[in-house]
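Chemist: Have a look at this one.
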Amino acid sequence: MAVLRVENVKKYFGKLAAVDGVNIETREGELFALLGSSGSGKTTLMRMIAGLEQPSEGDILINGRSVVGVSPQHRNVAMVFQSYALYPHMSVRDNILFPLKSRNVPKEQWEQKVQWAISILGIEALLDRRPTKLSGGEKQRVALARALVRDPELFLFDEPLSALDAQVRNIARAELRDLQKRTGITTVYVTHDQVEALGLADRLAVMSKGRISQVGTPQEMYESPANLFVASFIGNPPMNLITRGERVMGIRPEHLMLQRNKPADVTGVTLSLRILLVEFMGSEYLVYGCEEGSEHQRQIVVRVEHSGGTVPGQGDVMEFFASKQDVKYFDKSSGNRLP
Amino acid sequence: MMNDNTVKPVHFVDQDRRLGWAMLSPAVIYIVGFIGVPFVLAILLSFSNATVGNPRITDLVGFANYVSLLHQPIFMTALKNSILITFLTLGILLVLATILSELLAIEFRYKKIFQTLLILPWAMPVSLAAIAWLWLLDSQFSPIDWMLTQIGILGPGGLLGPVRHLYYLGRDMLAIASVVTVNVWRLLPLATVIVLAGRLSIPQDRFDQAKIDGAGFFRILFRITIPALMPVLTVAMLFTALVVFGDMTTVALLTRGGPGHASQILPYWAFLQGIQGGDLAGGAAVALFMLPILLVVAILALRIAYRSQEA
Amino acid sequence: MNKSLRNFGFYGALLLFTLFAVFPALWGVITVFKKSADLYTPTADPFLYHPGPTLSHLTYLFTSTSFMTFAMNSIIIGVCVVAITLLLSVPAAYALARLSGSWGERSGMALFLVYLIPPTLLFLPMYQVVTFLGLADSIWGLVVVYPTITVPFCTWLLLGFFKSVPDDLDEAAMIDGCSRFGAFLRIALPLALPGIGACVVFAFSLQLSDYIYAATFITSTSAMPISVGVPTQLVRGDVFFWQSLMAADVIVAIPLALGYGLLFDKLVSGFQSAGTSARNA
C-alpha cells in the first residue's frame with residue numbers, strides 16, 4: 001500500500017497557485033525526492049503533507065487515512081527542518097525525548113527508544129550538550145535522532161543538507177542514504193540541489209510553478225527527460241540545448257566527443273565550436289564554446305577526459321560529435337520531448 | 001478516520017484561530033473596559049456640564065466647554081507650554097541619548113558600575129525625583145547656587161551676580177527650564193536604552209566598511225549611525241513625547257504651574273480644574289485637548305519612521 | 001585624534017553624564033544626615049557637616065511616618081500589577097505574533113496608539129469607574145487600574161520577543177506531538193524569558209512612578225503607595241521635612257537602581273528584539 005498519496009492537491013495564496021494540481025504516490029520504504037527551484041511549490045507541498053498548511057483543494061492520505069484538517073500533532077509524520085529546529089533551551093537528550101513526552105509514550109519505553117535512535121546516529125557523546133554548542137553535522141544528527149525516536153510512518157526532509165559545509169555535505173548525504181535504507185521508513189525529501197536528488201532518491205519528481213514536470217528514477221530523469229525544463233534542470237553541467245528550427249536539440253556535455261575520436265559507422269550530429277574557455281577540473285576538462293557561424297552566443301559545454309592527447313586551446317575552432325542515440329529532440333514551443 | 005473527499009473539515013486552522021482569540025481576548029477586554037470606557041466617559045464629560053457637586057452627565061452642552069477654553073488665557077498658556085516643554089525635552093534628549101549610547105556601545109572597564117549609576121534617575125519614582133530636584137533647586141539652599149558663588153559666577157562681583165541665588169523655580173523662563181531639566185534627567189536612561197538597542201543592531205560591517213573608506217569619528221556618527229538610527233530614534237522620541245506631554249507629576253511637585261501660571265501645562269491644568277476647581281466637565285475638556293496634538297505627533301513620527309525605513 | 005585625547009574625551013563625557021545622573025541623589029544622601037541648624041544656614045559649605053551628622057531624621061522617617069506602610073503598599077501593588085500584566089500580555093503577544101496572520105504582525109504600532117490616551121486624560125472618569133467598583137481609597141483600585149499603563153507596552157515588547165523566536169521551533173514542536181498551546185508553553189515561553197524579565201522591570205517601574213491615579217483615588221494614609229505617601233506626609237503646607245524626604249528618596253532609589261543596573265544589558269537586548277521585528281514587519 002502506498003504510504004503517502006497526494007491526490008490533485010492545490011494550494012492558493014490569494015490568486016497565486018503555489019501548488020497547482022499535484023499527484024503523488026510513494027512506494028513503501030522508498031526515498032522520494034521533490035526537486036525544484038525556489039517558488040516551485042515543493043516546500044508548500046511538503047508543509048501540507050506535514051500539516052503545517054492546509055490544501056485549498058484535493059486530498060492527502062497517509063496509510064490510507066485522509067489527513068486533511070488533521071493537525072500535525074495527530075499525524076504520525078516526522079520532519080527535519082532546514083534549520084534543524086533544535087530546541088535551544090534543552091539538552092540534546094531532552095530534545096530527543098521531547099516527541100516521546102509530547103505524544104504520551106509510556107515512560108518505560110523511553111530509554112529503549114532513545115538508545116536505539118542515538119546508537120544508529122552515533123551521538124552518545126553529545127547527549128548533555130546544548131544545541132548551540134553543536135557543529136552543523138552534529139545538529140543534523142540530533143535532528144534525525146529526534147525524528148527517528150518516534151518510529152513515524154513518514155519522514156519529511158526539508159533541504160536538510162543545505163546548512164552544511166560542502167565537505168561535510170557529501171559524507172552526510174551518504175550517511176542519510178544509509179540511515180534511510182536501514183530504517184526503511186518512507187521518506188519525502190525536498191531539495192533544490194539536483195546532485196543531491198539524483199544521488200539520494202529512489203524516485204524523484206521535478207517541480208516547477210506548482211506542477212510536477214516529470215516523475216521517475218534518477219536514471220530515467222537523466223537519460224530520458226520529458227521536457228526542456230527537466231532536461232536543463234538535471235545534470236551538472238546542464239544539458240546543452242541547441243535550437244534547430246522548430247526543434248531544440250539536447251546533448252549532454254559528456255556525450256560530445258572530439259570529432260577525430262568519432263567511432264566509425266556511427267551516425268550522429270557534428271557541431272563546429274569556437275572555444276571560449278577551457279577549465280581544468282582535475283579528472284577532466286570543461287570546454288566552453290559557441291557555435292561557429294551561428295547568431296546565438298549560447299555557450300556549449302563539453303567534457304573532455306584528461307587522458308593525454310591534445311587539449312583544445314582558447315580561440316581554436318574544433319569539431320565535436322555526438323552519436324544519434326545521445327541526442328534528444330524537444331519541441332521548441334511546448335518544450336516536450338519528441339519521440 | 002475516513003473523510004468524505006468533498007467535505008473538508010479544516011478544523012485545525014480553526015483551532016489555531018480560536019486559540020489566538022482566546023489568548024488575545026483577556027488583554028483586549030481589559031483595555032476596552034479600562035481604557036475604552038473611561039475614554040468615552042471623558043469625551044461625554046467634556047460635552048456636559050458636570051461638576052464635583054453634580055457629577056452627572058445629564059445635560060450635554062456640545063462644544064461649549066471647548067470654546068470657552070480658547071478664551072481662557074491660562075489655558076492658552078498651558079497649551080503653549082505643553083508643546084514648548086515637550087519639544088525642548090525631546091530635542092535635548094535626542095542629542096544626549098545619542099551621545100550617551102555611543103559611549104555605552106563600547107566595552108570598557110567598570111561599565112556595570114557606570115550603568116547602575118546612570119540608570120538611577122529611572123529608578124527613582126517621578127514624584128520623589130521631583131522632590132529631590134525641588135530641594136536641589138531651592139531658592140535659598142540650593143548647592144548649585146553655592147557652587148556658582150564659589151567660582152565667581154554669582155555673588156558680589158559675579159558674572160551673573162550680584163545676587164546669590166538664581167530663582168530656578170521662581171522666574172518664568174527658569175521655571176520652564178527647570179521642568180525641562182528634570183524631564184531630561186529622569187528620561188535619559190530610558191531614552192538611552194532604546195537608542196542603544198538600535199545602535200547595537202547596526203551591523204558591525206557597516207562601521208568596518210566606513211573605516212576602510214577612511215571615515216573619521218564624526219563622519220561615521222552623522223553619515224552612518226544617525227541615519228541607521230532614524231526609525232529607532234523616531235519611535236523612542238514618539239514614546240517619550242507621549243510620556244512627557246501627558247505627565248503632570250513634575251510640574252505639580254516642582255513648580256505647581258508657577259510662578260503664577262508661567263509653567264502651567266495641559267494635564268496639570270486639567271487636574272486643577274477637575275479636582276480642585278470642581279469643574280469636571282471643564283477639566284475633561286482641557287485633558288481631551290491633548291488628544292489631537294498627540295495624534296498629529298504620532299502620525300508625523302510614524303511617517304518619518306516608515307519613510308526612513310524605505311530609504 | 002590620538003589615543004590619550006580620545007580616552008580623555010571618552011571618560012570625561014562619561015563622567016559628566018554620570019555626575020548629572022547621580023548628583024541629585026548624592027545631594028540627597030548628604031542632606032539626610034544634616035542637622036537642621038546646619039542645613040538651613042545658607043552661607044555654610046553644603047557639602048560638609050558642621051556640626052556633625054545625625055541619624056535623627058532617618059529614624060524619624062521610620063518611626064514617625066507611615067513610610068513602611070507606603071513601602072509595603074507599593075510592593076504589594078507592584079507584585080500584583082506585574083502578575084496581572086504578565087497574565088494579560090504574554091498570551092496576547094504570542095497570539096499577535098503567531099496566530100493572527102498579517103494583521104497581527106502590524107499591530108505592534110497600533111499598541112503604541114493606546115498611549116495616546118494618557119492617565120492624565122482618563123483619571124477623572126477612571127475615578128468614577130473605580131468608585132463604581134467600590135475600590136476607591138484602596139490599594140486594589142490601583143491594582144486594577146495600573147495594568148492600563150503597563151499592558152500595552154509590555155505586549156509590544158513581548159510581541160517583538162516572540163517574533164524573534166523562529167517559527168520552525170513551534171512547528172517542530174507540533175510535529176513532535178504538541179498542540180499549538182503546548183508549543184507555546186514548552187517552547188516559545190521558555191525562550192521568551194529574557195523578554196519577560198524586561199517586562200517585569202518595566203511594569204514595576206511604570207506602576208511605581210504613577211502619581212496622578214494614586215493622588216486622585218487615595219485619601220487614606222494607610223492605602224497610599226510611596227509616590228503619594230511620601231510627599232503627603234513629609235510636606236505640611238509649606239514646611240518640607242527635607243532630610244526625611246531625601247532619606248525616603250534615596251532608600252527607594254538605591255535598591256531599584258542596583259536592580260535595574262544589573263539587568264541593564266537584558267533591558268537593552270529586550271528592546272533589540274522588539275526593534276528587529278518591528279523593522280522586519
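Chain labels follow the order of the C-alpha cells: the first chain is A, the next B, and so on; residue numbering restarts at 1 in every chain, and ligands are counted from 1 in their shown order.
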Would you kindly return, as an NGL selection string, each protein, DNA or RNA residue with an atom no farther than 8 Å from any atom of Arg146 (chain A), considering only C-alpha atoms and excluding same-chain residues fewer than 5 positions away?
Modeler: :A and (95-99 or 117)
Chemist: Taking only C-alpha atoms into account, what are the residues of chain B at most 7 Å from chain C, put as number ranges by chain?
Modeler: B: 16-17, 20, 23-24, 26-27, 31, 34-35, 38-39, 41-42, 114-121, 123-128, 132-133, 136, 140-141, 143, 185, 193-194, 196-198, 201, 242, 246-247, 249, 267, 287-288, 291, 294-295
Chemist: Quote the spacing between CA of Ala270 (chain B) and CA of Gly134 (chain C) in Å to one decimal place.
Modeler: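 Rounded to one decimal, the two atoms are 24.6 Å apart.
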Chemist: Could you pull out the alpha helix (DSSP H) residues of region 163-256 of chain C from DSSP and send them as number ranges by chain?
Modeler: C: 163-164, 167-175, 180-183, 189-191, 193-209, 212-217, 226-234, 242-256
Chemist: Distance limit 7 Å, atoms considered: only C-alpha atoms. Which chain C residues sit that close to chain A? Return them as a PyMOL selection string.
Modeler: chain C and resi 168-169+172+174-179+191
Chemist: Please produce, as CSV, a per-residue contact table for chain A versus chain B (criterion: any atom at most 9 Å away, only C-alpha atoms considered), showing the nearest atom pair and its distance in Å to one decimal, sorted by chain then residue number.
Modeler:
```
residue,atom,partner,partner_atom,distance
A:Gly51,CA,B:Phe12,CA,8.8
A:Glu53,CA,B:Val13,CA,8.4
A:Gln54,CA,B:Val10,CA,7.4
A:Glu57,CA,B:Lys8,CA,8.8
A:Gly58,CA,B:Asn5,CA,7.7
A:Asp59,CA,B:Asn5,CA,6.8
A:Gly64,CA,B:Met2,CA,8.4
A:Arg65,CA,B:Met2,CA,5.9
A:Ser66,CA,B:Met2,CA,6.0
A:Val67,CA,B:Asn3,CA,8.4
A:Val68,CA,B:Val10,CA,6.8
A:Gly69,CA,B:Val10,CA,3.9
A:Val70,CA,B:Phe12,CA,5.9
A:Ser71,CA,B:Phe12,CA,5.3
A:Pro72,CA,B:Phe12,CA,8.8
```
Chemist: With C-alpha atoms retained, export the selected residues as a PDB file, in the first residue's frame.
Modeler:
```
ATOM      1  CA  GLY A  51       0.068  19.529   8.331  1.00  0.00           C
ATOM      2  CA  GLU A  53      -0.558  24.213   5.777  1.00  0.00           C
ATOM      3  CA  GLN A  54      -3.922  23.040   4.551  1.00  0.00           C
ATOM      4  CA  GLU A  57      -8.302  21.541  -2.883  1.00  0.00           C
ATOM      5  CA  GLY A  58      -7.501  17.881  -3.090  1.00  0.00           C
ATOM      6  CA  ASP A  59      -6.703  15.195  -0.584  1.00  0.00           C
ATOM      7  CA  GLY A  64      -4.983   5.212   3.684  1.00  0.00           C
ATOM      8  CA  ARG A  65      -6.191   7.833   6.144  1.00  0.00           C
ATOM      9  CA  SER A  66      -7.103  11.248   4.889  1.00  0.00           C
ATOM     10  CA  VAL A  67      -5.237  13.788   6.937  1.00  0.00           C
ATOM     11  CA  VAL A  68      -6.641  17.000   5.538  1.00  0.00           C
ATOM     12  CA  GLY A  69      -7.810  19.067   8.505  1.00  0.00           C
ATOM     13  CA  VAL A  70      -5.812  16.973  10.940  1.00  0.00           C
ATOM     14  CA  SER A  71      -3.261  18.931  12.923  1.00  0.00           C
ATOM     15  CA  PRO A  72       0.417  17.892  12.751  1.00  0.00           C
TER      16      PRO A  72
END
```
Chemist: If I take CA of Met237 (chain B) and CA of Tyr168 (chain B), how far is one from the other in Å, to one decimal?
Modeler: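 So the answer is 26.5 Å.
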Chemist: Can you tell me, as a list in words, what residues are no more than 9 Å from Met257 (chain A) when counting only C-alpha atoms, ignoring any on the same chain fewer than 6 positions away?
Modeler: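 Returned residues: Val302, Arg303, Val304, Glu319, Phe320, Phe321 and Ala322 of chain A.
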Chemist: For the strand (DSSP E) assignment from backbone DSSP, which residues of region 42-274 of chain C qualify? Please present them as a PyMOL selection string.
Modeler: chain C and resi 235-236+239-240
Chemist: Just to confirm, what's the straight-line distance from CA of Tyr66 (chain B) to CA of Gly283 (chain B) in Å (one decimal)?
Modeler: 10.2 Å
Chemist: Hey, what's within 12 Å of Leu69 (chain B) if we count only C-alpha atoms and toss same-chain stuff fewer than 4 positions away? As a ChimeraX atom specification, please?
Modeler: /B:46,63-65,73-79,266,269-270,273,281-289
Chemist: Please produce a file of the residues just selected, as a PDB file, in the first residue's frame, where the atoms kept are N, CA and C atoms.
Modeler:
```
ATOM      1  N   SER B  46     -16.698  65.944  28.770  1.00  0.00           N
ATOM      2  CA  SER B  46     -16.284  67.227  28.208  1.00  0.00           C
ATOM      3  C   SER B  46     -17.428  67.916  27.485  1.00  0.00           C
ATOM      4  N   PHE B  63     -20.077  71.791  22.292  1.00  0.00           N
ATOM      5  CA  PHE B  63     -18.680  72.207  22.325  1.00  0.00           C
ATOM      6  C   PHE B  63     -18.437  73.420  23.210  1.00  0.00           C
ATOM      7  N   ALA B  64     -19.454  73.759  24.007  1.00  0.00           N
ATOM      8  CA  ALA B  64     -19.332  74.985  24.805  1.00  0.00           C
ATOM      9  C   ALA B  64     -18.085  74.987  25.668  1.00  0.00           C
ATOM     10  N   ASN B  65     -17.796  73.852  26.315  1.00  0.00           N
ATOM     11  CA  ASN B  65     -16.606  73.795  27.170  1.00  0.00           C
ATOM     12  C   ASN B  65     -15.348  74.087  26.385  1.00  0.00           C
ATOM     13  N   PRO B  73      -6.956  82.717  29.064  1.00  0.00           N
ATOM     14  CA  PRO B  73      -5.519  82.922  28.850  1.00  0.00           C
ATOM     15  C   PRO B  73      -4.678  81.834  29.504  1.00  0.00           C
ATOM     16  N   ILE B  74      -5.134  81.365  30.674  1.00  0.00           N
ATOM     17  CA  ILE B  74      -4.326  80.331  31.340  1.00  0.00           C
ATOM     18  C   ILE B  74      -4.284  79.068  30.488  1.00  0.00           C
ATOM     19  N   PHE B  75      -5.420  78.735  29.882  1.00  0.00           N
ATOM     20  CA  PHE B  75      -5.447  77.546  29.036  1.00  0.00           C
ATOM     21  C   PHE B  75      -4.479  77.706  27.869  1.00  0.00           C
ATOM     22  N   MET B  76      -4.507  78.874  27.241  1.00  0.00           N
ATOM     23  CA  MET B  76      -3.625  79.084  26.092  1.00  0.00           C
ATOM     24  C   MET B  76      -2.165  78.996  26.520  1.00  0.00           C
ATOM     25  N   THR B  77      -1.875  79.563  27.709  1.00  0.00           N
ATOM     26  CA  THR B  77      -0.505  79.447  28.220  1.00  0.00           C
ATOM     27  C   THR B  77      -0.138  77.980  28.429  1.00  0.00           C
ATOM     28  N   ALA B  78      -1.093  77.248  29.041  1.00  0.00           N
ATOM     29  CA  ALA B  78      -0.823  75.831  29.306  1.00  0.00           C
ATOM     30  C   ALA B  78      -0.574  75.085  28.006  1.00  0.00           C
ATOM     31  N   LEU B  79      -1.379  75.385  26.991  1.00  0.00           N
ATOM     32  CA  LEU B  79      -1.218  74.720  25.702  1.00  0.00           C
ATOM     33  C   LEU B  79       0.162  75.020  25.123  1.00  0.00           C
ATOM     34  N   LEU B 266      -1.042  71.488  30.176  1.00  0.00           N
ATOM     35  CA  LEU B 266      -2.398  70.986  29.990  1.00  0.00           C
ATOM     36  C   LEU B 266      -2.823  69.948  31.042  1.00  0.00           C
ATOM     37  N   TRP B 269      -3.279  71.512  34.457  1.00  0.00           N
ATOM     38  CA  TRP B 269      -4.400  72.434  34.456  1.00  0.00           C
ATOM     39  C   TRP B 269      -5.706  71.649  34.491  1.00  0.00           C
ATOM     40  N   ALA B 270      -5.735  70.534  33.757  1.00  0.00           N
ATOM     41  CA  ALA B 270      -6.928  69.691  33.790  1.00  0.00           C
ATOM     42  C   ALA B 270      -7.170  69.174  35.204  1.00  0.00           C
ATOM     43  N   GLN B 273      -8.430  72.063  37.425  1.00  0.00           N
ATOM     44  CA  GLN B 273      -9.816  72.380  37.107  1.00  0.00           C
ATOM     45  C   GLN B 273     -10.754  71.315  37.645  1.00  0.00           C
ATOM     46  N   ALA B 281     -16.356  68.848  33.989  1.00  0.00           N
ATOM     47  CA  ALA B 281     -16.514  68.945  32.542  1.00  0.00           C
ATOM     48  C   ALA B 281     -15.378  69.748  31.939  1.00  0.00           C
ATOM     49  N   GLY B 282     -15.079  70.886  32.569  1.00  0.00           N
ATOM     50  CA  GLY B 282     -14.005  71.728  32.060  1.00  0.00           C
ATOM     51  C   GLY B 282     -12.675  71.003  32.081  1.00  0.00           C
ATOM     52  N   GLY B 283     -12.425  70.293  33.208  1.00  0.00           N
ATOM     53  CA  GLY B 283     -11.182  69.547  33.311  1.00  0.00           C
ATOM     54  C   GLY B 283     -11.060  68.515  32.203  1.00  0.00           C
ATOM     55  N   ALA B 284     -12.172  67.822  31.945  1.00  0.00           N
ATOM     56  CA  ALA B 284     -12.133  66.808  30.893  1.00  0.00           C
ATOM     57  C   ALA B 284     -11.851  67.435  29.537  1.00  0.00           C
ATOM     58  N   ALA B 285     -12.457  68.623  29.314  1.00  0.00           N
ATOM     59  CA  ALA B 285     -12.219  69.284  28.028  1.00  0.00           C
ATOM     60  C   ALA B 285     -10.756  69.631  27.852  1.00  0.00           C
ATOM     61  N   VAL B 286     -10.158  70.172  28.918  1.00  0.00           N
ATOM     62  CA  VAL B 286      -8.731  70.514  28.839  1.00  0.00           C
ATOM     63  C   VAL B 286      -7.919  69.271  28.518  1.00  0.00           C
ATOM     64  N   ALA B 287      -8.220  68.199  29.255  1.00  0.00           N
ATOM     65  CA  ALA B 287      -7.443  66.974  29.061  1.00  0.00           C
ATOM     66  C   ALA B 287      -7.585  66.456  27.643  1.00  0.00           C
ATOM     67  N   LEU B 288      -8.796  66.504  27.116  1.00  0.00           N
ATOM     68  CA  LEU B 288      -9.008  65.967  25.784  1.00  0.00           C
ATOM     69  C   LEU B 288      -8.346  66.778  24.693  1.00  0.00           C
ATOM     70  N   PHE B 289      -8.010  68.015  25.038  1.00  0.00           N
ATOM     71  CA  PHE B 289      -7.321  68.832  24.063  1.00  0.00           C
ATOM     72  C   PHE B 289      -5.988  68.216  23.693  1.00  0.00           C
TER      73      PHE B 289
END
```
Chemist: Of the candidates B:Thr192, B:Val163, B:Lys211, B:Tyr268, which shows the shortest atom-to-atom distance to Leu94 (chain B), using only C-alpha atoms?
Modeler: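 Smallest distance to Leu94 (chain B) is found for B:Thr192.
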Chemist: May I have the residues within 12 Å of His255 (chain A) as a PDB file with N, CA and C atoms, in the first residue's frame, using only C-alpha atoms and disregarding those fewer than 5 positions away in the same chain?
Modeler:
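And here's result-v5.pdb as it stands now:
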```
ATOM      1  N   GLU A 223      18.437  10.237 -18.304  1.00  0.00           N
ATOM      2  CA  GLU A 223      18.579   9.787 -19.682  1.00  0.00           C
ATOM      3  C   GLU A 223      17.388  10.133 -20.557  1.00  0.00           C
ATOM      4  N   MET A 239      22.467  20.075 -19.550  1.00  0.00           N
ATOM      5  CA  MET A 239      22.415  19.608 -20.919  1.00  0.00           C
ATOM      6  C   MET A 239      22.504  20.792 -21.881  1.00  0.00           C
ATOM      7  N   ASN A 240      23.258  20.605 -22.931  1.00  0.00           N
ATOM      8  CA  ASN A 240      23.357  21.648 -23.944  1.00  0.00           C
ATOM      9  C   ASN A 240      22.086  21.666 -24.780  1.00  0.00           C
ATOM     10  N   GLY A 250      19.048  18.464 -27.659  1.00  0.00           N
ATOM     11  CA  GLY A 250      19.673  18.403 -26.350  1.00  0.00           C
ATOM     12  C   GLY A 250      20.776  17.372 -26.310  1.00  0.00           C
ATOM     13  N   ASN A 261      37.787  11.582 -32.580  1.00  0.00           N
ATOM     14  CA  ASN A 261      37.601  10.356 -31.803  1.00  0.00           C
ATOM     15  C   ASN A 261      36.339   9.597 -32.174  1.00  0.00           C
ATOM     16  N   LYS A 262      35.637  10.125 -33.140  1.00  0.00           N
ATOM     17  CA  LYS A 262      34.364   9.515 -33.515  1.00  0.00           C
ATOM     18  C   LYS A 262      34.591   8.102 -34.016  1.00  0.00           C
ATOM     19  N   GLY A 268      25.374  10.558 -36.321  1.00  0.00           N
ATOM     20  CA  GLY A 268      25.029  11.492 -35.251  1.00  0.00           C
ATOM     21  C   GLY A 268      25.126  12.905 -35.743  1.00  0.00           C
ATOM     22  N   VAL A 269      25.423  13.762 -34.832  1.00  0.00           N
ATOM     23  CA  VAL A 269      25.415  15.200 -35.096  1.00  0.00           C
ATOM     24  C   VAL A 269      26.819  15.744 -34.898  1.00  0.00           C
ATOM     25  N   THR A 270      27.200  16.658 -35.780  1.00  0.00           N
ATOM     26  CA  THR A 270      28.501  17.295 -35.623  1.00  0.00           C
ATOM     27  C   THR A 270      28.325  18.774 -35.342  1.00  0.00           C
ATOM     28  N   VAL A 301      28.911  23.293 -23.497  1.00  0.00           N
ATOM     29  CA  VAL A 301      29.934  22.729 -22.628  1.00  0.00           C
ATOM     30  C   VAL A 301      30.249  21.310 -23.060  1.00  0.00           C
ATOM     31  N   VAL A 302      31.498  21.016 -23.084  1.00  0.00           N
ATOM     32  CA  VAL A 302      31.913  19.667 -23.450  1.00  0.00           C
ATOM     33  C   VAL A 302      32.839  19.142 -22.369  1.00  0.00           C
ATOM     34  N   ARG A 303      32.624  17.889 -22.039  1.00  0.00           N
ATOM     35  CA  ARG A 303      33.544  17.252 -21.094  1.00  0.00           C
ATOM     36  C   ARG A 303      34.589  16.483 -21.874  1.00  0.00           C
ATOM     37  N   VAL A 304      35.812  16.835 -21.637  1.00  0.00           N
ATOM     38  CA  VAL A 304      36.879  16.127 -22.336  1.00  0.00           C
ATOM     39  C   VAL A 304      37.753  15.452 -21.301  1.00  0.00           C
ATOM     40  N   GLU A 305      37.945  14.176 -21.468  1.00  0.00           N
ATOM     41  CA  GLU A 305      38.743  13.454 -20.478  1.00  0.00           C
ATOM     42  C   GLU A 305      40.172  13.929 -20.456  1.00  0.00           C
ATOM     43  N   PHE A 320      33.001  18.788 -32.898  1.00  0.00           N
ATOM     44  CA  PHE A 320      32.629  17.797 -31.898  1.00  0.00           C
ATOM     45  C   PHE A 320      31.491  16.946 -32.420  1.00  0.00           C
ATOM     46  N   PHE A 321      31.462  15.711 -31.972  1.00  0.00           N
ATOM     47  CA  PHE A 321      30.480  14.758 -32.495  1.00  0.00           C
ATOM     48  C   PHE A 321      29.682  14.145 -31.351  1.00  0.00           C
ATOM     49  N   ALA A 322      28.385  13.953 -31.575  1.00  0.00           N
ATOM     50  CA  ALA A 322      27.568  13.206 -30.613  1.00  0.00           C
ATOM     51  C   ALA A 322      26.771  12.173 -31.384  1.00  0.00           C
ATOM     52  N   SER A 323      26.713  10.973 -30.837  1.00  0.00           N
ATOM     53  CA  SER A 323      26.025   9.930 -31.593  1.00  0.00           C
ATOM     54  C   SER A 323      24.518  10.089 -31.471  1.00  0.00           C
ATOM     55  N   LYS A 324      23.819   9.528 -32.439  1.00  0.00           N
ATOM     56  CA  LYS A 324      22.388   9.794 -32.588  1.00  0.00           C
ATOM     57  C   LYS A 324      21.608   9.439 -31.329  1.00  0.00           C
ATOM     58  N   GLN A 325      21.980   8.344 -30.686  1.00  0.00           N
ATOM     59  CA  GLN A 325      21.173   7.914 -29.538  1.00  0.00           C
ATOM     60  C   GLN A 325      21.337   8.871 -28.354  1.00  0.00           C
ATOM     61  N   ASP A 326      22.410   9.661 -28.386  1.00  0.00           N
ATOM     62  CA  ASP A 326      22.605  10.583 -27.269  1.00  0.00           C
ATOM     63  C   ASP A 326      21.985  11.944 -27.500  1.00  0.00           C
ATOM     64  N   VAL A 327      21.391  12.126 -28.652  1.00  0.00           N
ATOM     65  CA  VAL A 327      20.787  13.421 -28.946  1.00  0.00           C
ATOM     66  C   VAL A 327      19.284  13.316 -28.735  1.00  0.00           C
ATOM     67  N   LYS A 328      18.740  14.205 -27.895  1.00  0.00           N
ATOM     68  CA  LYS A 328      17.290  14.213 -27.661  1.00  0.00           C
ATOM     69  C   LYS A 328      16.710  15.435 -28.338  1.00  0.00           C
TER      70      LYS A 328
END
```
Chemist: For Ser263 (chain B), which of B:Ile176, B:Leu96, B:Ala105, B:Ala129 is the closest residue, counting only C-alpha atoms?
Modeler: B:Ile176
Chemist: Could you pull the residues within 12 Å of Ala236 (chain B), counting only C-alpha atoms, minus those fewer than 2 positions along the same chain, as a ChimeraX atom specification?
Modeler: /B:90-91,93-94,97-98,187-198,229-234,238-243,298,301-302,305 /C:112,271,275
